[in-house]
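Written below as structure tokens is the structure these notes are about.
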Protein chains: 2
Amino acid sequence: MKAKRITIQDIAQRTGYSKTAVSFAFNSPSRISKEAVEKILQAAKEMDYIPDPMARNFSLGRHMSLGFLLPQRVEYSLHNPYIQSVIYGIAGICQEHGYMLTIIPPLHSSVTEAAKNATVDGLITLGFAIDRNIKSILRRRKLPLVSIDGSGDEEIHTVSIDDEAAAELQLEKVLEKGHRRIAMIALPDDAYLKPDEAADTVVKKRKRGYAKALARYSMTFSDLITDAAAATAEEGAVVAERILEKASPTCFVTMSDAAALGVLSVIEKRNADISVVGFDGIEEGVFQSKLTTILQSGKEKGVRSAEVLFRLIEGDEKTPLRTLIPYSFCDGTTLKEAK
Amino acid sequence: MKAKRITIQDIAQRTGYSKTAVSFAFNSPSRISKEAVEKILQAAKEMDYIPDPMARNFSLGRHMSLGFLLPQRVEYSLHNPYIQSVIYGIAGICQEHGYMLTIIPPLHSSVTEAAKNATVDGLITLGFAIDRNIKSILRRRKLPLVSIDGSGDEEIHTVSIDDEAAAELQLEKVLEKGHRRIAMIALPDDAYLKPDEAADTVVKKRKRGYAKALARYSMTFSDLITDAAAATAEEGAVVAERILEKASPTCFVTMSDAAALGVLSVIEKRNADISVVGFDGIEEGVFQSKLTTILQSGKEKGVRSAEVLFRLIEGDEKTPLRTLIPYSFCDGTTLKEAK
DNA sequence: CTGTTAGCGCGTTCAA
DNA sequence: TTGAACGCGCTAACAG
């Protein structure tokens, strides 16, 4: 009993014209007579006909949509304000191009599965080393990809800041203030997805930057209290508690503002005088909590990655493989002089 | 020179089996011999073949994606934390169903155009009266729709809170505290899109609620200072300034937390002692600024609307037309006793 | 310039 | 296990 869709065929019959004529009436009205166009569009209106966009796109071999592959389950990834701002940036460029933005959650807990079934013209990933499985899928599907914050040692188009230099700057500022008992809360090594063994992840890059800063003060990682927390306030708080159980740092350095906010809440609760420096520059941190942090624009990353992806989709071969965007030190109120 | 895609046909030829057999090998391995399945999958691997999801979906008459129609340009709508939380809720349910979530920006500045071309199985809209153009499109495309915060006088599935009662409660709390010089900052009448003349929009519903509360204190709208601002901190601030130029309310009542935060910034800057009550319960407001507000969960709206939409997609005829979700008064620190 | 015929895109599925 | 039709619109090639 399901009402069947009206198709181009129905309009052709009704008007006596051919399917081709109907198609022309919609897409290249100039190709046929005014009279024919009118009659056809009229009939279409009467019969409630609209060309099916899926069939249309299929025929034209395109989707009119960019895909954003969530690196983790929705509950984790889409909740992250940093990722939200990336999405915001991508969406703006999609809008300019008349495209849609398809958010792609892991399928059966697998990002690879999701990539296999995504009906999009190109993909943007965030924050993980593209593993060979995904690379293989993309090759087979001939889908272009742009990786934000991905590992740089692949033949994949990447958008990121200079994480090594940014991390060096972050720690440098802390050391400058005289802090020496520093708690370093990194991101988990498999921040988003298990990286390829050798992949040069964001975490690794930043640690190189930290090492450089430390070296200038004749220190090494072993002089720090180290731990790791995912980019959420909850995890940041838990890890901060854990650290404070057994050590008394004068400053916390984190790899994400989200975690830093969690740390901050613990410090406030204890009414302790400990500095905190974050990384990212999310709105909640910068505006509400006046967090001292490294500012990198998620939106900008989204914008640039979408721009690169569109160039790839259009077949522009000479799109640069690496896109670096600016970062800056954001001076808040949470980094104080060490006593 | 473009490398042509490998198709099911190529695998059929290579293995000597038919297209049907290849299709079965992927989708119903039990329908053909083990041997055939193995050979076929093996060949597929060697030839780097993956079934094209677009062709597959086209053939199966589905998309595996829900669409979220942005009511305004990306810059406005996607920036709104309330909308972000709605999206978050929708995405979670999509994930559960193995679906994607397609964010659909206005096309050529037209939401209707966007709806016409969206390749999705169903649509969710937010905050505007569905105009007849869109309704006509949906009917022609036989696309199910769920409207969040839409006007209720249509035969359209709707998810919302009881806006009239919630607004009544909001103003009641203010009046209880003794405030009588009240500035009311509504949402613009065409909050998101020009409503149908007679449509019962969220703004209208809330105003009825306000009128009820006022009546109990023998007041009417004309006793208030009234203005309107879109749901952004910037607009809230501008309107607050405008109001304070010529009046001296003891309390601001707004229809969005976003605007309330803008109002709050103005009040703080002037170091004035004026109460503020918002509406929505966004995180920035509730947690950072301790805003007194009406709490409605954007996430919950997203969740429920996606659930309803899936039922419609599955052809469940008896899905309730109206879904009401709970709201509550959230007591912060920005509503004080009137002096 | 107008209009048509026929075939394509790529899997799925019915009838044999 | 398979040939052929199907879904729906696009378009190259061709005829008047």
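Ordered as shown in the structure tokens, chains take letters A, B, and onward, while each chain numbers its residues from 1 and ligands are numbered from 1 in the order shown.
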Per DSSP on the backbone, filter stretch 203-287 of chain B down to the residues in helix (DSSP H, G or I) and report them as number ranges by chain.
B: 203-216, 221-223, 233-246, 257-270, 283-287
Would you mind exporting the chosen residues as a tab-separated table (two decimals), in the first residue's frame, restricted to N, CA and C atoms?
chain	number	residue	atom	x	y	z
B	203	VAL	N	7.98	31.45	20.79
B	203	VAL	CA	7.88	32.80	21.36
B	203	VAL	C	6.45	33.08	21.80
B	204	LYS	N	5.51	32.74	20.94
B	204	LYS	CA	4.11	32.99	21.30
B	204	LYS	C	3.70	32.18	22.52
B	205	LYS	N	4.10	30.93	22.54
B	205	LYS	CA	3.75	30.08	23.68
B	205	LYS	C	4.28	30.66	24.98
B	206	ARG	N	5.52	31.06	24.93
B	206	ARG	CA	6.11	31.57	26.17
B	206	ARG	C	5.43	32.86	26.60
B	207	LYS	N	5.07	33.66	25.63
B	207	LYS	CA	4.41	34.92	25.99
B	207	LYS	C	3.08	34.65	26.67
B	208	ARG	N	2.41	33.62	26.25
B	208	ARG	CA	1.17	33.26	26.95
B	208	ARG	C	1.47	32.90	28.40
B	209	GLY	N	2.55	32.17	28.59
B	209	GLY	CA	2.95	31.80	29.94
B	209	GLY	C	3.28	33.02	30.78
B	210	TYR	N	4.00	33.95	30.17
B	210	TYR	CA	4.35	35.17	30.88
B	210	TYR	C	3.08	35.92	31.29
B	211	ALA	N	2.15	35.99	30.34
B	211	ALA	CA	0.91	36.73	30.61
B	211	ALA	C	0.18	36.13	31.81
B	212	LYS	N	0.18	34.83	31.89
B	212	LYS	CA	-0.48	34.16	33.03
B	212	LYS	C	0.17	34.56	34.34
B	213	ALA	N	1.50	34.50	34.36
B	213	ALA	CA	2.21	34.85	35.59
B	213	ALA	C	1.93	36.30	35.97
B	214	LEU	N	1.99	37.16	34.96
B	214	LEU	CA	1.74	38.59	35.21
B	214	LEU	C	0.34	38.81	35.78
B	215	ALA	N	-0.61	38.12	35.19
B	215	ALA	CA	-2.00	38.32	35.60
B	215	ALA	C	-2.16	38.08	37.09
B	216	ARG	N	-1.41	37.11	37.58
B	216	ARG	CA	-1.54	36.81	39.00
B	216	ARG	C	-1.06	37.95	39.89
B	221	PHE	N	1.70	42.88	29.96
B	221	PHE	CA	2.95	43.11	29.23
B	221	PHE	C	3.34	44.57	29.20
B	222	SER	N	2.34	45.43	29.20
B	222	SER	CA	2.68	46.84	29.09
B	222	SER	C	3.39	47.35	30.34
B	223	ASP	N	3.41	46.55	31.38
B	223	ASP	CA	4.14	46.95	32.58
B	223	ASP	C	5.62	46.57	32.49
B	233	ALA	N	25.45	35.97	22.87
B	233	ALA	CA	25.89	36.87	23.92
B	233	ALA	C	26.02	38.29	23.37
B	234	GLU	N	26.50	38.40	22.16
B	234	GLU	CA	26.68	39.72	21.55
B	234	GLU	C	25.35	40.48	21.51
B	235	GLU	N	24.35	39.85	20.95
B	235	GLU	CA	23.05	40.53	20.85
B	235	GLU	C	22.49	40.84	22.22
B	236	GLY	N	22.66	39.91	23.13
B	236	GLY	CA	22.15	40.13	24.48
B	236	GLY	C	22.78	41.38	25.08
B	237	ALA	N	24.08	41.53	24.86
B	237	ALA	CA	24.79	42.68	25.40
B	237	ALA	C	24.29	43.97	24.76
B	238	VAL	N	24.15	43.95	23.47
B	238	VAL	CA	23.70	45.15	22.76
B	238	VAL	C	22.33	45.59	23.26
B	239	VAL	N	21.44	44.62	23.35
B	239	VAL	CA	20.08	44.96	23.77
B	239	VAL	C	20.06	45.44	25.22
B	240	ALA	N	20.88	44.84	26.05
B	240	ALA	CA	20.92	45.27	27.45
B	240	ALA	C	21.38	46.72	27.54
B	241	GLU	N	22.41	47.04	26.79
B	241	GLU	CA	22.88	48.43	26.76
B	241	GLU	C	21.75	49.35	26.35
B	242	ARG	N	21.07	48.96	25.30
B	242	ARG	CA	19.99	49.78	24.76
B	242	ARG	C	18.93	50.05	25.83
B	243	ILE	N	18.58	48.99	26.52
B	243	ILE	CA	17.54	49.13	27.54
B	243	ILE	C	18.01	50.01	28.69
B	244	LEU	N	19.24	49.82	29.11
B	244	LEU	CA	19.74	50.58	30.25
B	244	LEU	C	19.93	52.06	29.94
B	245	GLU	N	19.96	52.39	28.66
B	245	GLU	CA	20.04	53.80	28.28
B	245	GLU	C	18.84	54.57	28.80
B	246	LYS	N	17.70	53.92	28.71
B	246	LYS	CA	16.48	54.68	28.99
B	246	LYS	C	15.61	54.12	30.10
B	257	ASP	N	19.81	31.58	27.40
B	257	ASP	CA	20.98	31.77	28.25
B	257	ASP	C	22.07	32.53	27.51
B	258	ALA	N	22.18	32.25	26.22
B	258	ALA	CA	23.21	32.92	25.44
B	258	ALA	C	23.04	34.43	25.57
B	259	ALA	N	21.83	34.90	25.34
B	259	ALA	CA	21.57	36.33	25.48
B	259	ALA	C	21.78	36.77	26.93
B	260	ALA	N	21.35	35.93	27.87
B	260	ALA	CA	21.50	36.27	29.29
B	260	ALA	C	22.96	36.49	29.66
B	261	LEU	N	23.83	35.70	29.08
B	261	LEU	CA	25.26	35.87	29.38
B	261	LEU	C	25.75	37.22	28.87
B	262	GLY	N	25.24	37.63	27.73
B	262	GLY	CA	25.59	38.95	27.22
B	262	GLY	C	25.10	40.03	28.17
B	263	VAL	N	23.88	39.87	28.64
B	263	VAL	CA	23.31	40.83	29.58
B	263	VAL	C	24.18	40.88	30.83
B	264	LEU	N	24.54	39.72	31.28
B	264	LEU	CA	25.35	39.62	32.50
B	264	LEU	C	26.67	40.36	32.35
B	265	SER	N	27.28	40.25	31.19
B	265	SER	CA	28.57	40.92	30.98
B	265	SER	C	28.39	42.44	31.08
B	266	VAL	N	27.28	42.93	30.56
B	266	VAL	CA	27.01	44.37	30.62
B	266	VAL	C	26.82	44.81	32.07
B	267	ILE	N	26.06	44.02	32.79
B	267	ILE	CA	25.79	44.35	34.19
B	267	ILE	C	27.07	44.36	35.01
B	268	GLU	N	27.90	43.37	34.75
B	268	GLU	CA	29.16	43.30	35.48
B	268	GLU	C	30.05	44.48	35.16
B	269	LYS	N	30.08	44.82	33.89
B	269	LYS	CA	30.92	45.93	33.46
B	269	LYS	C	30.47	47.22	34.16
B	270	ARG	N	29.16	47.37	34.27
B	270	ARG	CA	28.64	48.59	34.91
B	270	ARG	C	28.62	48.46	36.43
B	283	GLU	N	25.71	24.87	29.38
B	283	GLU	CA	26.78	24.63	30.35
B	283	GLU	C	27.49	25.89	30.80
B	284	GLU	N	27.86	26.72	29.86
B	284	GLU	CA	28.57	27.95	30.20
B	284	GLU	C	27.78	28.76	31.21
B	285	GLY	N	26.49	28.79	31.02
B	285	GLY	CA	25.66	29.57	31.92
B	285	GLY	C	25.56	28.95	33.29
B	286	VAL	N	25.17	27.71	33.32
B	286	VAL	CA	24.90	27.04	34.59
B	286	VAL	C	26.16	26.83	35.41
B	287	PHE	N	27.20	26.32	34.78
B	287	PHE	CA	28.39	25.98	35.55
B	287	PHE	C	29.32	27.15	35.79
Closest contacts (chain A/chain C, max 9 Å, only C-alpha atoms (C1' of nucleotides)) as a tab-separated table:
residue	atom	partner	partner_atom	distance
A:Tyr17	CA	C:DG3	C1'	8.2
A:Ser18	CA	C:DT4	C1'	6.8
A:Thr20	CA	C:DT4	C1'	7.8
A:Ala21	CA	C:DG3	C1'	7.1
A:Arg31	CA	C:DT2	C1'	7.9
A:Ile32	CA	C:DT2	C1'	5.8
A:Ser33	CA	C:DT2	C1'	6.8
A:Phe58	CA	C:DG9	C1'	7.0
A:Ser59	CA	C:DG9	C1'	5.9
A:Leu60	CA	C:DG9	C1'	8.4
A:Gly61	CA	C:DG9	C1'	7.8
Take the residues from that selection and write them out as a PDB file, in the first residue's frame, keeping C-alpha atoms.
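Written file, out_12.pdb:
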ATOM      1  CA  TYR A  17       7.732  14.082 -23.775  1.00  0.00           C
ATOM      2  CA  SER A  18      10.712  11.828 -23.251  1.00  0.00           C
ATOM      3  CA  THR A  20      15.442  13.279 -21.538  1.00  0.00           C
ATOM      4  CA  ALA A  21      13.200  16.261 -22.097  1.00  0.00           C
ATOM      5  CA  ARG A  31      18.257  22.958 -24.207  1.00  0.00           C
ATOM      6  CA  ILE A  32      14.572  22.615 -25.133  1.00  0.00           C
ATOM      7  CA  SER A  33      11.745  24.933 -26.044  1.00  0.00           C
ATOM      8  CA  PHE A  58      24.508   8.478  -8.026  1.00  0.00           C
ATOM      9  CA  SER A  59      24.202   9.220 -11.674  1.00  0.00           C
ATOM     10  CA  LEU A  60      26.608  12.108 -11.380  1.00  0.00           C
ATOM     11  CA  GLY A  61      29.034  10.130  -9.273  1.00  0.00           C
TER      12      GLY A  61
END
Identify every residue of chain A that has at least one atom within 7 Å of any atom of chain B, counting only C-alpha atoms, and report the result as a PyMOL selection string.
chain A and resi 48-50+53-55+58+74-75+78-79+88+91-92+95+98+100-105+107+117-119+140-141+284+288
Would you give me, as a count of residues only, the residues of chain D that come within 9 Å of chain B, using only C-alpha atoms (C1' of nucleotides)?
5
I'd like to know which residues of stretch 58-237 of chain A are strand (DSSP E or B) (by DSSP, run on the backbone); could you write them as JSON, numbers by chain?
{"A": [65, 66, 67, 68, 69, 100, 101, 102, 103, 104, 107, 110, 122, 123, 124, 125, 126, 145, 146, 147, 148, 157, 158, 159, 160, 182, 183, 184, 185, 186, 225, 226, 227, 228]}
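Atom CA of B:Glu155 to atom CA of B:Gly302 spans 19.8 Å [interatomic distance, one decimal].
Candidate residues A:Val22, A:Thr201, A:Ala166, A:Lys290 were compared for distance to A:Thr7, and the nearest is A:Val22, using only C-alpha atoms.
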